[in-house]
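K.L.:
Got a structure for you, model-v8.cif, holding mmCIF, C-alpha atoms.
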data_start
loop_
_atom_site.label_atom_id
_atom_site.label_comp_id
_atom_site.auth_asym_id
_atom_site.auth_seq_id
_atom_site.Cartn_x
_atom_site.Cartn_y
_atom_site.Cartn_z
CA MET X 23 0.00 0.00 0.00
CA THR X 24 1.36 3.42 -0.94
CA GLU X 25 1.86 6.18 1.58
CA ASP X 26 -1.04 8.08 0.03
CA ALA X 27 -3.30 5.06 0.21
CA ALA X 28 -2.41 4.46 3.85
CA LEU X 29 -3.15 8.07 4.68
CA VAL X 30 -6.48 7.99 2.88
CA ARG X 31 -7.38 4.78 4.63
CA LEU X 32 -6.69 6.38 7.98
CA CYS X 33 -8.93 9.29 7.06
CA LEU X 34 -11.71 7.00 5.91
CA GLU X 35 -11.51 5.17 9.20
CA GLY X 36 -12.24 8.46 10.90
CA SER X 37 -8.78 9.06 12.29
CA GLU X 38 -8.39 12.65 13.38
CA GLN X 39 -4.63 12.33 13.16
CA GLY X 40 -4.93 11.05 9.61
CA ALA X 41 -7.12 13.99 8.63
CA ARG X 42 -4.67 16.42 10.16
CA GLU X 43 -1.76 14.82 8.37
CA LEU X 44 -3.55 14.98 5.04
CA VAL X 45 -4.39 18.66 5.49
CA GLU X 46 -0.90 19.55 6.66
CA ARG X 47 0.73 17.68 3.81
CA PHE X 48 -1.22 19.37 1.04
CA GLN X 49 -2.39 22.62 2.57
CA SER X 50 0.59 24.73 1.47
CA MET X 51 0.34 23.47 -2.06
CA VAL X 52 -3.39 24.13 -2.31
CA PHE X 53 -3.14 27.51 -0.63
CA ALA X 54 -0.29 28.61 -2.92
CA VAL X 55 -2.27 27.71 -6.00
CA CYS X 56 -5.35 29.48 -4.65
CA VAL X 57 -3.44 32.64 -3.78
CA LYS X 58 -1.80 32.83 -7.17
CA MET X 59 -5.06 32.11 -8.94
CA LEU X 60 -7.31 34.37 -6.90
CA GLY X 61 -4.85 37.09 -5.95
CA GLN X 62 -6.30 37.57 -2.47
CA ARG X 63 -5.30 35.74 0.67
CA GLU X 64 -8.74 35.86 2.26
CA ASP X 65 -10.40 34.37 -0.78
CA ALA X 66 -7.60 31.86 -1.08
CA GLU X 67 -8.10 30.71 2.51
CA ASP X 68 -11.83 30.29 1.95
CA VAL X 69 -11.29 28.33 -1.23
CA THR X 70 -8.56 26.23 0.41
CA GLN X 71 -11.03 25.34 3.11
CA ASP X 72 -13.63 24.47 0.52
CA VAL X 73 -11.12 22.36 -1.38
CA PHE X 74 -10.38 20.22 1.67
CA LEU X 75 -14.04 19.83 2.51
CA ARG X 76 -14.54 18.48 -0.97
CA VAL X 77 -11.46 16.32 -0.71
CA PHE X 78 -12.81 14.66 2.44
CA ARG X 79 -16.24 14.26 0.91
CA ALA X 80 -14.85 12.61 -2.19
CA LEU X 81 -12.09 10.60 -0.55
CA ARG X 82 -13.87 7.33 -1.23
CA SER X 83 -13.86 8.02 -4.93
CA TRP X 84 -10.09 8.51 -5.07
CA ASP X 85 -8.29 5.87 -7.08
CA PRO X 86 -5.51 4.41 -4.88
CA ALA X 87 -3.58 3.49 -8.00
CA ARG X 88 -3.00 7.17 -8.70
CA PRO X 89 -1.09 9.71 -6.66
CA LEU X 90 -3.07 11.92 -4.33
CA GLN X 91 -1.38 15.22 -5.14
CA PRO X 92 -2.67 15.69 -8.72
CA TRP X 93 -6.13 14.64 -7.61
CA ILE X 94 -6.20 17.29 -4.89
CA LEU X 95 -4.68 19.86 -7.23
CA ALA X 96 -7.39 19.12 -9.78
CA ILE X 97 -10.02 19.83 -7.14
CA ALA X 98 -8.19 23.02 -6.18
CA ALA X 99 -7.97 24.11 -9.81
CA ASN X 100 -11.68 23.55 -10.30
CA ARG X 101 -12.58 25.45 -7.15
CA CYS X 102 -10.37 28.36 -8.19
CA ARG X 103 -12.01 28.45 -11.60
CA THR X 104 -15.43 28.47 -9.98
CA ALA X 105 -14.42 31.20 -7.55
CA LEU X 106 -13.05 33.32 -10.37
CA ARG X 107 -16.24 32.95 -12.36
CA GLN X 108 -18.31 33.93 -9.35
CA ARG X 109 -16.60 37.26 -8.98
CA PRO X 110 -16.49 39.14 -12.26
CA ARG X 111 -16.24 42.41 -10.36
CA ASP X 112 -13.03 41.38 -8.73
CA ALA X 113 -11.56 40.52 -12.08
CA ALA X 114 -12.52 43.94 -13.31
CA ARG X 115 -10.98 45.51 -10.21
CA SER X 116 -7.78 43.64 -10.87
CA SER X 117 -7.62 45.07 -14.35
CA VAL X 118 -8.26 48.55 -12.99
CA GLU X 119 -5.47 48.09 -10.50
CA ILE X 120 -3.07 47.05 -13.22
CA SER X 121 -4.07 50.06 -15.30
CA ARG X 122 -3.54 52.36 -12.35
CA VAL X 123 -0.10 50.99 -11.68
CA VAL X 124 0.91 51.58 -15.26
CA ALA X 125 -0.61 55.05 -15.37
CA ASP X 126 1.09 56.12 -12.17
CA GLY X 127 4.38 54.90 -13.40
CA ALA X 128 4.68 53.08 -10.11
CA GLY X 129 5.27 49.79 -11.83
CA ALA X 130 8.97 50.28 -12.04
CA SER X 131 9.26 50.79 -8.32
CA ARG X 132 7.28 47.72 -7.42
CA GLU X 133 8.94 44.49 -6.80
CA LEU X 134 9.19 42.31 -9.82
CA THR X 135 7.42 39.46 -8.14
CA ASP X 136 4.46 41.62 -7.18
CA GLU X 137 4.23 42.70 -10.76
CA LEU X 138 4.41 39.11 -11.82
CA ASP X 139 1.48 38.30 -9.51
CA LEU X 140 -0.57 41.02 -11.13
CA ALA X 141 0.41 39.91 -14.59
CA VAL X 142 -0.43 36.29 -13.80
CA ALA X 143 -3.81 37.36 -12.45
CA ALA X 144 -4.55 38.96 -15.79
CA LEU X 145 -3.86 35.78 -17.75
CA ARG X 146 -6.50 33.44 -19.03
CA GLU X 147 -7.54 30.82 -16.45
CA GLU X 148 -5.88 27.98 -18.33
CA TYR X 149 -2.63 29.87 -18.71
CA GLN X 150 -2.72 30.93 -15.08
CA LEU X 151 -3.19 27.40 -13.82
CA CYS X 152 -0.58 26.06 -16.12
CA PHE X 153 1.96 28.70 -15.14
CA VAL X 154 1.28 28.41 -11.41
CA LEU X 155 1.43 24.64 -11.41
CA PHE X 156 4.63 24.68 -13.43
CA TYR X 157 6.55 27.36 -11.57
CA GLN X 158 5.08 27.23 -8.09
CA GLN X 159 4.32 23.58 -7.67
CA GLU X 160 7.09 22.55 -10.02
CA LEU X 161 4.97 19.97 -11.75
CA SER X 162 6.08 18.67 -15.10
CA CYS X 163 4.03 19.29 -18.21
CA ALA X 164 2.85 15.68 -18.09
CA GLU X 165 1.69 16.08 -14.48
CA ILE X 166 -0.09 19.31 -15.28
CA ALA X 167 -1.77 17.57 -18.19
CA SER X 168 -2.99 14.95 -15.74
CA VAL X 169 -4.28 17.57 -13.29
CA LEU X 170 -6.02 19.63 -15.94
CA ASN X 171 -7.13 16.60 -17.91
CA ARG X 172 -5.66 17.98 -21.11
CA PRO X 173 -3.09 16.63 -23.59
CA GLU X 174 0.52 17.34 -22.74
CA GLY X 175 0.97 19.21 -26.01
CA THR X 176 -1.83 21.58 -25.04
CA VAL X 177 -0.18 22.22 -21.69
CA LYS X 178 3.13 23.04 -23.40
CA THR X 179 1.38 25.45 -25.72
CA TRP X 180 -0.41 27.12 -22.80
CA LEU X 181 2.82 27.42 -20.87
CA HIS X 182 4.59 28.95 -23.84
CA ARG X 183 1.79 31.45 -24.44
CA ALA X 184 1.58 32.28 -20.75
CA ARG X 185 5.28 33.11 -20.66
CA ARG X 186 5.03 35.19 -23.80
CA GLU X 187 2.04 37.16 -22.51
CA LEU X 188 3.66 37.69 -19.14
CA ALA X 189 6.84 39.01 -20.68
CA GLU X 190 4.83 41.33 -22.86
CA ARG X 191 2.81 42.63 -19.91
CA LEU X 192 5.89 43.13 -17.77
CA ARG X 193 7.60 45.00 -20.54
CA ARG X 194 4.54 47.10 -21.28
CA ARG X 195 4.35 48.13 -17.66
CA GLY X 196 7.91 49.18 -17.70
CA VAL X 197 8.92 46.77 -15.00
CA VAL X 198 11.95 45.58 -16.86
CA ASN X 199 13.30 46.68 -20.17
CA HIS X 200 15.30 44.58 -22.48
CA ALA X 201 18.00 47.16 -22.11
CA ASP X 202 18.32 46.16 -18.45
CA TYR X 203 19.89 42.93 -19.50
CA GLN X 204 23.51 42.70 -20.14
CA LEU X 205 23.86 40.56 -23.17
CA HIS X 206 27.29 39.37 -22.42
CA GLY X 207 29.19 38.76 -25.58
CA VAL X 208 26.32 39.87 -27.78
CA MET R 219 29.16 33.02 -35.86
CA PRO R 220 25.83 31.50 -34.74
CA THR R 221 26.01 27.76 -34.54
CA ILE R 222 22.27 27.10 -34.72
CA ASN R 223 19.46 28.25 -36.98
CA CYS R 224 16.08 29.73 -35.91
CA THR R 225 14.32 26.37 -35.79
CA GLU R 226 16.96 24.86 -33.59
CA PHE R 227 16.95 28.00 -31.46
CA SER R 228 13.19 27.67 -30.85
CA ARG R 229 13.55 23.98 -30.03
CA GLN R 230 16.37 24.53 -27.57
CA LEU R 231 14.59 27.46 -25.97
CA ALA R 232 11.39 25.44 -25.48
CA GLU R 233 13.35 22.51 -24.11
CA ALA R 234 15.19 24.72 -21.64
CA VAL R 235 11.90 26.16 -20.42
CA GLU R 236 10.21 22.77 -20.06
CA ARG R 237 13.18 21.31 -18.20
CA ARG R 238 13.60 24.41 -16.07
CA LYS R 239 17.11 24.95 -17.33
CA SER R 240 18.70 28.30 -17.91
CA VAL R 241 17.95 29.86 -21.27
CA ASP R 242 21.19 31.77 -21.04
CA THR R 243 23.33 29.30 -22.95
CA VAL R 244 26.11 30.10 -25.36
CA ALA R 245 24.30 28.72 -28.37
CA LEU R 246 21.09 30.60 -27.65
CA ARG R 247 22.90 33.81 -26.81
CA GLU R 248 24.98 33.71 -30.00
CA HIS R 249 21.95 33.11 -32.15
CA ALA R 250 20.00 35.84 -30.35
CA ALA R 251 22.79 38.28 -31.07
CA SER R 252 22.54 37.67 -34.77
CA CYS R 253 18.75 37.29 -35.21
CA HIS R 254 16.53 40.19 -34.19
CA GLU R 255 13.32 38.14 -33.99
CA CYS R 256 14.87 35.37 -31.95
CA ARG R 257 16.59 37.92 -29.76
CA SER R 258 13.22 39.30 -28.69
CA GLN R 259 12.06 35.81 -27.76
CA TRP R 260 15.21 35.12 -25.84
CA LEU R 261 15.01 38.37 -23.89
CA ASP R 262 11.38 37.62 -23.01
CA ALA R 263 12.45 34.22 -21.73
CA LEU R 264 15.18 35.79 -19.64
CA LEU R 265 12.73 38.32 -18.24
CA VAL R 266 10.20 35.68 -17.16
CA ASP R 267 12.90 33.48 -15.70
CA ARG R 268 14.18 36.37 -13.66
CA ALA R 269 10.72 37.23 -12.40
CA VAL R 270 9.90 33.63 -11.58
CA ALA R 271 13.17 33.06 -9.74
CA ASP R 272 12.05 35.37 -6.96
CA TRP R 273 8.42 34.45 -7.13
CA LYS R 274 7.42 34.02 -3.52
CA LYS R 275 5.51 30.99 -2.50
CA PRO R 276 2.68 32.23 -0.30
CA VAL R 277 2.59 30.88 3.21
CA ALA R 278 -0.75 30.00 4.69
CA ALA R 279 -1.90 31.82 7.78
CA ALA R 280 -1.28 30.07 11.06
CA GLY R 281 -4.35 28.22 12.20
CA LEU R 282 -5.64 27.46 8.73
CA THR R 283 -5.14 23.76 9.34
CA ASP R 284 -7.24 23.89 12.51
CA ARG R 285 -9.89 25.91 10.76
CA ILE R 286 -10.09 23.41 7.93
CA LEU R 287 -10.23 20.48 10.34
CA SER R 288 -12.94 22.11 12.43
CA HIS R 289 -15.00 22.70 9.31
CA VAL R 290 -14.51 19.11 8.26
CA ALA R 291 -15.54 17.94 11.72
CA ALA R 292 -18.57 20.22 11.69
CA GLU R 293 -19.65 18.91 8.33
CA THR R 294 -19.19 15.34 9.47
CA ALA R 295 -21.30 16.04 12.56
CA ALA R 296 -23.98 17.70 10.45
CA ALA R 297 -24.02 14.74 8.12
CA ALA R 298 -24.34 12.41 11.10
CA ALA R 299 -27.24 14.43 12.49
CA GLY R 300 -28.91 14.43 9.13
CA SER R 301 -28.72 10.68 8.96
CA SER R 302 -31.05 10.03 11.89
CA LEU R 303 -33.48 8.51 9.42
CA GLU R 304 -30.78 6.19 8.20
CA ARG R 305 -29.88 5.23 11.75
CA LYS R 306 -33.49 4.38 12.51
CA ILE R 307 -33.66 2.12 9.51
CA VAL R 308 -30.36 0.49 10.37
CA ALA R 309 -31.41 0.00 13.98
CA ALA R 310 -34.74 -1.45 12.96
CA SER R 311 -33.00 -3.69 10.49
CA ALA R 312 -30.83 -5.22 13.19
CA GLY R 313 -31.14 -8.94 12.95
CA ASP R 314 -32.20 -8.79 9.36
CA ASP R 315 -30.18 -11.00 7.05
CA ARG R 316 -29.42 -8.44 4.41
CA PRO R 317 -27.02 -5.52 4.92
CA PRO R 318 -28.67 -2.32 6.11
CA PHE R 319 -29.52 0.39 3.66
CA ARG R 320 -26.70 2.94 3.79
CA PRO R 321 -27.23 5.85 1.49
CA THR R 322 -24.16 8.05 1.10
CA ARG R 323 -25.65 11.48 0.78
CA GLY R 324 -28.30 13.46 2.57
CA LEU R 325 -30.23 13.93 -0.63
CA ASN R 326 -30.21 10.19 -1.23
CA ARG R 327 -31.44 9.53 2.28
CA THR R 328 -34.34 11.91 1.93
CA ALA R 329 -35.14 10.67 -1.52
CA GLY R 330 -34.90 7.07 -0.32
CA ALA R 331 -37.32 7.66 2.52
CA ALA R 332 -39.72 9.48 0.24
CA LEU R 333 -39.52 6.77 -2.39
CA SER R 334 -40.11 4.09 0.22
CA ALA R 335 -43.22 5.86 1.46
CA ILE R 336 -44.44 6.34 -2.09
CA ALA R 337 -43.76 2.70 -2.91
CA LEU R 338 -45.77 1.64 0.09
CA CYS R 339 -48.63 3.90 -0.95
CA VAL R 340 -48.54 2.45 -4.45
CA CYS R 341 -48.60 -1.06 -3.02
CA ALA R 342 -51.61 -0.15 -0.97
CA LEU R 343 -53.41 1.40 -3.91
CA LEU R 344 -52.59 -1.56 -6.13
CA PHE R 345 -54.79 -3.70 -3.99
CA LEU R 346 -57.67 -1.31 -4.04
CA GLY R 347 -60.86 -3.17 -4.57
CA ARG R 348 -59.73 -6.44 -3.12
CA PRO R 349 -62.37 -8.21 -1.06
CA ALA R 350 -62.31 -7.46 2.62
CA PRO R 351 -61.10 -10.22 4.90
CA GLN R 352 -64.18 -9.72 7.04
CA SER R 353 -66.01 -11.66 4.42
CA ASN R 354 -63.91 -14.58 5.50
CA VAL R 355 -65.08 -14.47 9.03
CA GLY R 356 -66.80 -17.67 9.80
CA GLN R 357 -65.52 -19.29 6.65
CA SER R 358 -62.31 -20.64 7.92
CA SER R 359 -62.29 -23.49 5.52
CA THR R 360 -62.16 -21.22 2.48
CA PRO R 361 -59.78 -18.35 3.02
CA HIS R 362 -59.93 -15.79 0.26
CA VAL R 363 -56.22 -15.87 -0.33
CA ASP R 364 -54.36 -18.86 -1.54
CA VAL R 365 -51.93 -19.43 1.23
CA VAL R 366 -53.50 -17.80 4.23
CA LYS R 367 -52.78 -19.80 7.29
CA LYS R 368 -54.28 -19.52 10.70
CA THR R 369 -52.40 -17.36 13.10
CA SER R 370 -52.14 -17.93 16.75
CA PRO R 371 -54.55 -15.58 18.49
CA ILE R 372 -51.97 -15.09 21.20
CA ALA R 373 -49.49 -13.83 18.73
CA ALA R 374 -52.08 -11.62 17.20
CA ARG R 375 -53.10 -10.24 20.56
CA ASP R 376 -49.57 -9.02 20.97
CA ALA R 377 -50.49 -6.38 18.50
CA THR R 378 -53.35 -5.26 20.70
CA THR R 379 -51.16 -4.86 23.70
CA GLY R 380 -49.18 -2.14 22.07
CA THR R 381 -46.01 -4.08 21.59
CA ALA R 382 -45.98 -3.04 17.97
CA SER R 383 -45.02 -6.50 16.94
CA MET R 384 -45.56 -7.78 13.48
CA VAL R 385 -47.76 -10.77 12.99
CA LYS R 386 -47.18 -12.63 9.83
CA LEU R 387 -50.16 -14.59 8.81
CA THR R 388 -48.27 -16.68 6.36
CA SER R 389 -44.79 -17.84 5.90
CA ALA R 390 -42.76 -16.36 3.08
CA PRO R 391 -44.18 -17.49 -0.21
CA GLU R 392 -42.24 -20.22 -1.81
CA ASP R 393 -44.08 -20.61 -5.04
CA GLY R 394 -45.11 -17.07 -5.80
CA ALA R 395 -48.37 -17.52 -3.97
CA ARG R 396 -50.19 -14.54 -2.58
CA VAL R 397 -49.62 -13.64 1.04
CA GLU R 398 -51.27 -11.48 3.60
CA LEU R 399 -49.32 -9.56 6.13
CA MET R 400 -50.78 -8.15 9.27
CA VAL R 401 -48.66 -5.38 10.66
CA ALA R 402 -48.83 -3.40 13.84
CA ASP R 403 -47.10 -0.30 12.53
CA ALA R 404 -45.85 1.26 9.37
CA GLY R 405 -42.25 0.52 10.16
CA SER R 406 -42.90 -3.16 10.43
CA ALA R 407 -44.77 -3.06 7.15
CA TYR R 408 -41.95 -1.21 5.48
CA LEU R 409 -39.28 -3.49 6.78
CA HIS R 410 -41.15 -6.60 5.95
CA LEU R 411 -42.01 -5.52 2.46
CA ALA R 412 -38.49 -4.30 1.86
CA GLY R 413 -36.97 -7.33 3.47
CA LYS R 414 -37.58 -11.00 3.30
CA ALA R 415 -40.96 -10.65 1.70
CA ALA R 416 -39.67 -8.32 -1.00
CA LYS R 417 -40.23 -10.93 -3.63
CA ALA R 418 -43.84 -11.06 -2.68
CA VAL R 419 -44.51 -7.34 -2.56
CA THR R 420 -46.62 -7.40 -5.65
CA ALA R 421 -48.65 -10.25 -4.26
CA ALA R 422 -49.03 -9.02 -0.72
CA THR R 423 -51.99 -7.57 1.06
CA LEU R 424 -51.38 -5.49 4.11
CA LEU R 425 -53.81 -6.07 6.91
CA LEU R 426 -53.89 -3.31 9.46
CA PRO R 427 -55.39 -3.50 12.91
CA PRO R 428 -58.02 -0.87 13.66
CA ALA R 429 -56.80 2.58 14.56
CA ASP R 430 -57.26 2.03 18.27
CA ALA R 431 -56.05 -1.53 18.33
CA VAL R 432 -52.63 -0.76 19.62
CA ARG R 433 -53.77 1.60 22.29
CA ASP R 434 -56.81 -0.37 23.42
CA THR R 435 -55.57 -2.78 26.04
CA ARG R 436 -58.84 -3.30 27.79
CA PRO R 437 -59.65 -6.98 28.23
CA THR R 438 -62.29 -8.23 25.91
CA PRO R 439 -65.46 -9.43 27.67
CA LYS R 440 -65.73 -13.16 27.76
CA GLY R 441 -67.75 -14.57 24.96
CA GLN R 442 -67.05 -11.57 22.73
CA GLU R 443 -63.64 -12.58 21.51
CA PRO R 444 -62.87 -10.59 18.39
CA TRP R 445 -60.91 -13.49 16.95
CA VAL R 446 -62.14 -15.69 14.24
CA ASP R 447 -59.84 -18.39 13.07
CA GLY R 448 -56.97 -16.54 14.56
CA VAL R 449 -57.68 -13.28 12.77
CA ARG R 450 -59.00 -10.30 14.59
CA ARG R 451 -62.38 -9.27 13.24
CA GLU R 452 -61.58 -5.61 12.78
CA ILE R 453 -58.45 -6.25 10.83
CA ALA R 454 -58.87 -5.09 7.28
CA PRO R 455 -56.78 -4.52 4.20
CA VAL R 456 -55.33 -1.08 3.93
CA THR R 457 -57.72 -0.38 1.11
CA HIS R 458 -60.54 -0.38 3.63
CA GLN R 459 -58.86 1.96 6.02
CA LEU R 460 -56.95 4.33 3.81
CA SER R 461 -56.78 7.18 6.28
CA HIS R 462 -55.52 4.83 8.95
CA ALA R 463 -53.02 3.40 6.52
CA PHE R 464 -51.75 6.84 5.72
CA GLU R 465 -51.35 7.58 9.39
CA PHE R 466 -49.19 4.51 9.53
CA LEU R 467 -47.22 5.62 6.52
CA ILE R 468 -46.67 9.07 7.94
CA GLN R 469 -44.90 7.42 10.80
CA ALA R 470 -42.60 6.27 8.03
CA VAL R 471 -39.86 4.72 10.03
CA PRO R 472 -40.23 2.28 12.84
CA GLU R 473 -38.80 3.00 16.24
CA LYS R 474 -38.34 -0.67 16.88
CA ARG R 475 -39.29 -3.90 15.39
CA ALA R 476 -39.89 -7.17 17.09
CA PRO R 477 -38.84 -10.22 15.20
CA ALA R 478 -41.51 -11.76 13.06
CA THR R 479 -43.26 -14.66 14.69
#
Go ahead and render the structure in this file as structure tokens.

P.N.:
Amino acid sequence: MTEDAALVRLCLEGSEQGARELVERFQSMVFAVCVKMLGQREDAEDVTQDVFLRVFRALRSWDPARPLQPWILAIAANRCRTALRQRPRDAARSSVEISRVVADGAGASRELTDELDLAVAALREEYQLCFVLFYQQELSCAEIASVLNRPEGTVKTWLHRARRELAERLRRRGVVNHADYQLHGV
Amino acid sequence: MPTINCTEFSRQLAEAVERRKSVDTVALREHAASCHECRSQWLDALLVDRAVADWKKPVAAAGLTDRILSHVAAETAAAAAGSSLERKIVAASAGDDRPPFRPTRGLNRTAGAALSAIALCVCALLFLGRPAPQSNVGQSSTPHVDVVKKTSPIAARDATTGTASMVKLTSAPEDGARVELMVADAGSAYLHLAGKAAKAVTAATLLLPPADAVRDTRPTPKGQEPWVDGVRREIAPVTHQLSHAFEFLIQAVPEKRAPAT
């Protein structure tokens, strides 16, 4: 029996310790994805909570032959998508915020990573998920394909487009210019 | 001099990204220096890599684990409270041969209970128009159902003492013959129909004691025994006492069930 299967079994038997271990093992991962997808910690905490409720509800339907992490990430991805669709105003606000940053010329003074967060938030859902899972969770394209239930080729295309769009947004906002780079030997 | 062409540049760049390797290699840099279009791509890749390198992984607030676990526990408790109907059925089914009915969701439980009640109603209505057993009184030699057997009056009286026991007039049908079941409460009827006698549901007639039979424990005056051939006189098919039958059905789930005699 795999470690995942043993843990799930404990949870299904009603072990409080098992439940705690499952939450502690995957909480950071789920929360990180939620924060990057939703852009707000409060929302991310709510969705993380919701994700684990659903995980415990659906634990019996988990296939022990497959790893637990992608299964939980798939639930998290779906909950993030749902949360994003339920708050169109927030999405609009995010866009406004990005516009304001650019207009104020404050973009250059912001930390690059904060700008990256904003830029990621402006990506399409699929690109966002792909990018976050690849760079934050360090999943391979094949693993992301499994989580998102899409062909690996599609995931690679999404990742490529996400990177291209991000670079374009960062450049447009004046965060970093190509001139900033020292092209050694070029 | 660049050592690779644009196609090879794109391939190597994509491979470096997918394998999380640095895009700042000699080959890529040399080609980028000589090709304006590829240079733009390469600089974009460098920019994203630089941004991602410092991309902070958010840390969950302290106490989130406890909050999640308390929510899970609360939901589990709510689910347990919502399954009182299920527990009643399981408790009443104790001693039954088959495994107890264990629906997995609240909706299923509610729907299951509703469907059971509806099924019982349909069974009752199916037998609408059947002759009343009273017509049998005094004709013990020719019962109106095929396999009706005499029941011990003592066993039947148990129903009148409020013990809510189920009195089965016949044994389970073995050859598809029709049976009559006399029940003391709706729960017993439900369990019996859903249980061992399930095969005979379509051929069963439910006989209910009169509305006050369970409560009325007064001794019957001598010489006025309401039993004829082991069957209480007032007992009638549900079709003759629809309102009483519905009262039984509203009870829906038995509190207890004595084993069938």

K.L.:
Please identify every residue of chain X that has at least one atom no more than 9 Å from any atom of chain R, counting all atoms listed in the file, and report them as a PyMOL selection string.

P.N.:
chain X and resi 38+41-42+45-46+49-50+53-55+57-58+63+67+70-72+74-75+78-79+134-139+156-158+162-163+178+181-182+185-186+188-190+192-193+198-200+203+205-208

K.L.:
Expressed in Å to a single decimal, how great is the separation between atom CA of Leu140 of chain X and atom CA of Gly196 of chain X?

P.N.:
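For atom CA of Leu140 of chain X relative to atom CA of Gly196 of chain X, the distance reads 13.5 Å.
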
K.L.:
Between atom CA of Ser168 of chain X and atom CA of Pro92 of chain X, what distance in Å does the model show, to one decimal?

P.N.:
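One can read the atom CA of Ser168 of chain X to atom CA of Pro92 of chain X distance as 7.1 Å.
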
K.L.:
What is the atom CA of Ala297 of chain R-atom CA of Arg109 of chain X distance in Å, reported with one decimal?

P.N.:
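Atom CA of Arg109 of chain X lies at a distance of 29.2 Å from atom CA of Ala297 of chain R.
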
K.L.:
Please determine, counting all atoms listed in the file, which residue among X:Glu43, X:Asn171, X:Val177, X:Phe153 has the shortest atom-to-atom distance to Ile97 of chain X.

P.N.:
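Counting all atoms listed in the file, the residue closest to Ile97 of chain X is X:Asn171.
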
K.L.:
Using all atoms listed in the file, collect all residues at a distance of at most 12 Å from (0.3, 3.2, -0.9) as written in the file, then present them as a PyMOL selection string.

P.N.:
chain X and resi 23-32+85-90

K.L.:
Output: segment 158-170 of chain X of the preceding structure, restricted to N, CA and C atoms, written as a PDB file, in the first residue's frame.

P.N.:
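See out.pdb below for the written result:
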ATOM      1  N   GLN X 158       5.205  27.221  -9.554  1.00  0.00           N
ATOM      2  CA  GLN X 158       5.077  27.227  -8.089  1.00  0.00           C
ATOM      3  C   GLN X 158       5.099  25.820  -7.524  1.00  0.00           C
ATOM      4  N   GLN X 159       4.365  24.945  -8.182  1.00  0.00           N
ATOM      5  CA  GLN X 159       4.320  23.576  -7.668  1.00  0.00           C
ATOM      6  C   GLN X 159       5.382  22.687  -8.311  1.00  0.00           C
ATOM      7  N   GLU X 160       6.016  23.252  -9.318  1.00  0.00           N
ATOM      8  CA  GLU X 160       7.092  22.550 -10.022  1.00  0.00           C
ATOM      9  C   GLU X 160       6.652  21.197 -10.557  1.00  0.00           C
ATOM     10  N   LEU X 161       5.440  21.186 -11.087  1.00  0.00           N
ATOM     11  CA  LEU X 161       4.967  19.975 -11.748  1.00  0.00           C
ATOM     12  C   LEU X 161       5.498  19.965 -13.178  1.00  0.00           C
ATOM     13  N   SER X 162       5.662  18.777 -13.699  1.00  0.00           N
ATOM     14  CA  SER X 162       6.083  18.666 -15.095  1.00  0.00           C
ATOM     15  C   SER X 162       4.866  18.906 -15.997  1.00  0.00           C
ATOM     16  N   CYS X 163       5.152  19.079 -17.283  1.00  0.00           N
ATOM     17  CA  CYS X 163       4.027  19.295 -18.209  1.00  0.00           C
ATOM     18  C   CYS X 163       3.092  18.079 -18.209  1.00  0.00           C
ATOM     19  N   ALA X 164       3.680  16.886 -18.097  1.00  0.00           N
ATOM     20  CA  ALA X 164       2.847  15.676 -18.087  1.00  0.00           C
ATOM     21  C   ALA X 164       1.948  15.652 -16.852  1.00  0.00           C
ATOM     22  N   GLU X 165       2.494  16.062 -15.721  1.00  0.00           N
ATOM     23  CA  GLU X 165       1.689  16.075 -14.484  1.00  0.00           C
ATOM     24  C   GLU X 165       0.585  17.132 -14.566  1.00  0.00           C
ATOM     25  N   ILE X 166       0.932  18.267 -15.139  1.00  0.00           N
ATOM     26  CA  ILE X 166      -0.091  19.315 -15.281  1.00  0.00           C
ATOM     27  C   ILE X 166      -1.200  18.822 -16.210  1.00  0.00           C
ATOM     28  N   ALA X 167      -0.776  18.120 -17.254  1.00  0.00           N
ATOM     29  CA  ALA X 167      -1.766  17.571 -18.187  1.00  0.00           C
ATOM     30  C   ALA X 167      -2.719  16.639 -17.451  1.00  0.00           C
ATOM     31  N   SER X 168      -2.164  15.871 -16.520  1.00  0.00           N
ATOM     32  CA  SER X 168      -2.993  14.952 -15.738  1.00  0.00           C
ATOM     33  C   SER X 168      -3.950  15.720 -14.823  1.00  0.00           C
ATOM     34  N   VAL X 169      -3.447  16.773 -14.202  1.00  0.00           N
ATOM     35  CA  VAL X 169      -4.283  17.567 -13.293  1.00  0.00           C
ATOM     36  C   VAL X 169      -5.408  18.265 -14.049  1.00  0.00           C
ATOM     37  N   LEU X 170      -5.034  18.842 -15.186  1.00  0.00           N
ATOM     38  CA  LEU X 170      -6.023  19.630 -15.941  1.00  0.00           C
ATOM     39  C   LEU X 170      -6.813  18.779 -16.928  1.00  0.00           C
TER      40      LEU X 170
END
